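Structure file upload_29.tsv with TSV, C-alpha atoms:
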chain	number	residue	atom	x	y	z
H	1	MET	CA	-23.21	35.97	24.26
H	2	ARG	CA	-19.93	36.62	22.38
H	3	ILE	CA	-18.04	34.21	24.61
H	4	GLY	CA	-20.59	31.49	23.84
H	5	LEU	CA	-20.18	32.06	20.10
H	6	ALA	CA	-16.40	31.99	20.39
H	7	VAL	CA	-16.49	28.72	22.34
H	8	ALA	CA	-18.86	27.18	19.77
H	9	ALA	CA	-16.60	28.29	16.89
H	10	ILE	CA	-13.49	26.85	18.55
H	11	ALA	CA	-15.29	23.57	19.28
H	12	ALA	CA	-16.36	23.33	15.63
H	13	LEU	CA	-12.78	23.87	14.44
H	14	ILE	CA	-11.41	21.26	16.82
H	15	SER	CA	-13.88	18.63	15.59
H	16	VAL	CA	-12.94	19.07	11.91
H	17	THR	CA	-10.73	16.25	10.61
H	18	PRO	CA	-8.45	17.05	7.67
H	19	ALA	CA	-8.93	15.00	4.49
H	20	GLN	CA	-6.34	12.29	3.96
H	21	ALA	CA	-5.53	9.85	1.19
H	22	ALA	CA	-6.84	6.35	1.73
H	23	GLN	CA	-4.45	3.84	3.26
H	24	GLY	CA	-1.94	2.75	0.62
H	25	THR	CA	-2.56	5.62	-1.79
H	26	GLN	CA	0.34	7.72	-0.61
H	27	GLY	CA	4.04	7.16	-0.41
H	28	TRP	CA	6.98	9.03	1.04
H	29	LEU	CA	9.79	10.10	-1.26
H	30	HIS	CA	13.30	9.24	-0.06
H	31	ALA	CA	16.61	10.25	-1.66
H	32	SER	CA	18.43	7.39	-3.40
H	33	ALA	CA	20.87	9.97	-4.85
H	34	GLY	CA	21.41	13.60	-3.93
H	35	GLN	CA	19.21	15.31	-1.38
H	36	GLY	CA	15.58	15.95	-0.53
H	37	GLN	CA	12.40	14.22	0.50
H	38	GLY	CA	8.71	14.46	-0.18
H	39	ARG	CA	5.39	12.73	-0.68
H	40	VAL	CA	3.20	11.38	-3.48
H	41	LEU	CA	-0.59	11.18	-3.17
H	42	VAL	CA	-2.78	9.21	-5.58
H	43	ALA	CA	-6.55	9.72	-5.36
H	44	PRO	CA	-8.48	7.31	-7.61
H	45	THR	CA	-12.13	8.14	-8.27
H	46	ALA	CA	-15.02	6.46	-10.05
H	47	GLN	CA	-15.36	9.42	-12.44
H	48	GLU	CA	-14.86	7.27	-15.53
H	49	HIS	CA	-17.57	4.76	-14.47
H	50	GLY	CA	-15.58	1.57	-14.21
H	51	GLU	CA	-12.27	2.69	-15.67
H	52	PHE	CA	-9.24	4.06	-13.85
H	53	TYR	CA	-9.16	7.81	-13.28
H	54	ALA	CA	-6.93	9.36	-10.63
H	55	GLN	CA	-5.53	12.69	-9.62
H	56	GLY	CA	-2.20	12.91	-7.92
H	57	GLU	CA	0.06	15.33	-6.15
H	58	VAL	CA	3.84	15.24	-5.78
H	59	GLU	CA	5.52	17.44	-3.17
H	60	VAL	CA	9.28	17.76	-2.61
H	61	GLU	CA	11.44	19.75	-0.22
H	62	GLY	CA	15.17	19.99	0.35
H	63	ALA	CA	15.84	19.17	-3.32
H	64	PRO	CA	18.20	21.20	-5.51
H	65	ALA	CA	17.03	24.81	-5.81
H	66	ASP	CA	15.64	26.23	-9.06
H	67	THR	CA	15.62	22.84	-10.78
H	68	ALA	CA	13.24	21.26	-13.29
H	69	MET	CA	12.53	17.72	-12.07
H	70	ILE	CA	10.87	14.84	-13.92
H	71	VAL	CA	8.20	12.80	-12.14
H	72	ALA	CA	7.97	9.23	-13.48
H	73	ARG	CA	6.26	6.03	-12.39
H	74	ALA	CA	6.85	2.31	-12.82
H	75	LEU	CA	4.41	-0.54	-12.22
H	76	TYR	CA	5.36	-3.50	-10.08
H	77	THR	CA	4.21	-6.92	-8.94
H	78	PRO	CA	2.41	-7.11	-5.53
H	79	GLY	CA	4.65	-5.74	-2.81
H	80	CYS	CA	6.83	-4.08	-5.47
H	81	SER	CA	9.19	-7.05	-5.64
H	82	SER	CA	9.77	-6.79	-9.41
H	83	ILE	CA	8.99	-4.28	-12.13
H	84	THR	CA	6.26	-5.02	-14.72
H	85	ALA	CA	6.13	-1.71	-16.66
H	86	GLN	CA	9.22	0.46	-17.07
H	87	TRP	CA	9.59	4.04	-15.90
H	88	ALA	CA	7.32	6.46	-17.77
H	89	PRO	CA	7.11	10.24	-17.29
H	90	VAL	CA	3.97	11.51	-15.52
H	91	THR	CA	4.68	15.24	-15.15
H	92	THR	CA	7.40	17.73	-14.26
H	93	LEU	CA	7.85	20.06	-11.33
H	94	GLN	CA	9.98	23.12	-10.76
H	95	THR	CA	11.67	23.69	-7.42
H	96	GLY	CA	11.97	27.20	-6.03
H	97	HIS	CA	14.89	28.99	-4.39
H	98	GLY	CA	14.51	26.88	-1.24
H	99	GLY	CA	14.40	23.52	-3.06
H	100	ALA	CA	10.66	22.91	-2.61
H	101	GLY	CA	8.16	22.24	-5.37
H	102	ALA	CA	4.87	20.54	-6.12
H	103	ALA	CA	3.04	19.23	-9.17
H	104	HIS	CA	-0.45	17.94	-9.89
H	105	PHE	CA	-1.13	15.14	-12.38
H	106	VAL	CA	-4.07	13.17	-13.77
H	107	ARG	CA	-4.01	9.55	-14.97
H	108	ASP	CA	-6.80	8.11	-17.11
H	109	THR	CA	-6.42	4.53	-18.38
H	110	PRO	CA	-8.74	1.67	-19.36
H	111	LEU	CA	-8.11	-0.47	-16.26
H	112	LEU	CA	-11.37	-1.94	-14.97
H	113	SER	CA	-12.90	-1.41	-11.53
H	114	GLY	CA	-11.65	-3.79	-8.87
H	115	VAL	CA	-8.14	-4.13	-10.31
H	116	THR	CA	-5.30	-3.50	-7.88
H	117	PHE	CA	-1.89	-2.36	-9.07
H	118	TYR	CA	1.38	-1.41	-7.42
H	119	VAL	CA	3.43	1.64	-8.35
H	120	ILE	CA	6.60	3.46	-7.35
H	121	PHE	CA	7.19	7.10	-8.25
H	122	ARG	CA	10.56	8.67	-8.99
H	123	VAL	CA	11.41	12.39	-9.00
H	124	SER	CA	14.75	13.22	-10.62
H	125	GLY	CA	16.75	16.25	-11.62
H	126	GLY	CA	19.84	18.24	-10.66
H	127	GLY	CA	21.70	15.11	-9.52
H	128	THR	CA	18.90	14.10	-7.15
H	129	VAL	CA	16.73	10.99	-7.37
H	130	LEU	CA	13.83	10.60	-4.95
H	131	GLU	CA	11.83	7.35	-4.94
H	132	SER	CA	8.55	6.61	-3.23
H	133	ASP	CA	7.50	3.71	-1.11
H	134	CYS	CA	5.43	1.04	-2.85
H	135	ILE	CA	1.91	2.41	-3.36
H	136	THR	CA	-1.06	0.03	-3.68
H	137	VAL	CA	-3.85	1.49	-5.84
H	138	LEU	CA	-7.36	0.03	-6.16
H	139	VAL	CA	-9.25	1.01	-9.31
H	140	LYS	CA	-12.69	2.27	-8.29
Show how you would write the structure in this file as structure tokens.
Amino acid sequence: MRIGLAVAAIAALISVTPAQAAQGTQGWLHASAGQGQGRVLVAPTAQEHGEFYAQGEVEVEGAPADTAMIVARALYTPGCSSITAQWAPVTTLQTGHGGAGAAHFVRDTPLLSGVTFYVIFRVSGGGTVLESDCITVLVK
């Protein structure tokens, strides 16, 4: 009986799929100066009933230790070929002794449902600049 329960529990765990950001709503952070890497996730929801509302997460590792870093974003044309809105701060994060850190942020703006925009995130501090891939965001 116990073996049957154990097998059923293991099968249930194997069939669980972890939650992931939708295609295009995440970008990898790469060092353009200094050291480190990371990821940015943007999760838009329909919470504001037709206006843009999103929660995001920025994670870095291998960055300078014990450093306050600024997270900023800039808006771009499709494919991120040219900038349309200059860099603006979103949040800050603090790295620990090993150079890792994370921050959560919320964006709430009057963009209407169905609008698509393109954004790049930048994390900077302690001589390091990390920039994300181009992220395509659809307003829900």
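Here CA of Ala103 (chain H) and CA of Thr25 (chain H) stand 16.5 Å from one another.
Shortest separation to Val119 (chain H) among H:Gly56, H:Gly79, H:Gly101, H:Gly34 occurs at residue H:Gly79, atoms counted being all atoms listed in the file.
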Query - Selection: 9 Å around Val90 (chain H), all atoms listed in the file, excl. self and same-chain fewer than 6 positions, as a PyMOL selection string - result: chain H and resi 70-73+105-107
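Closest approach to Gly126 (chain H) among H:Thr45, H:Ser81, H:Gln35, H:Gln86: H:Gln35, based on only C-alpha atoms.
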Query raised in the report: Within 6 Å of region 128-130 of chain H, counting only C-alpha atoms, which residues qualify if same-chain residues fewer than 5 places away don't, as a PyMOL selection string?
Result: chain H and resi 29-35+122-123
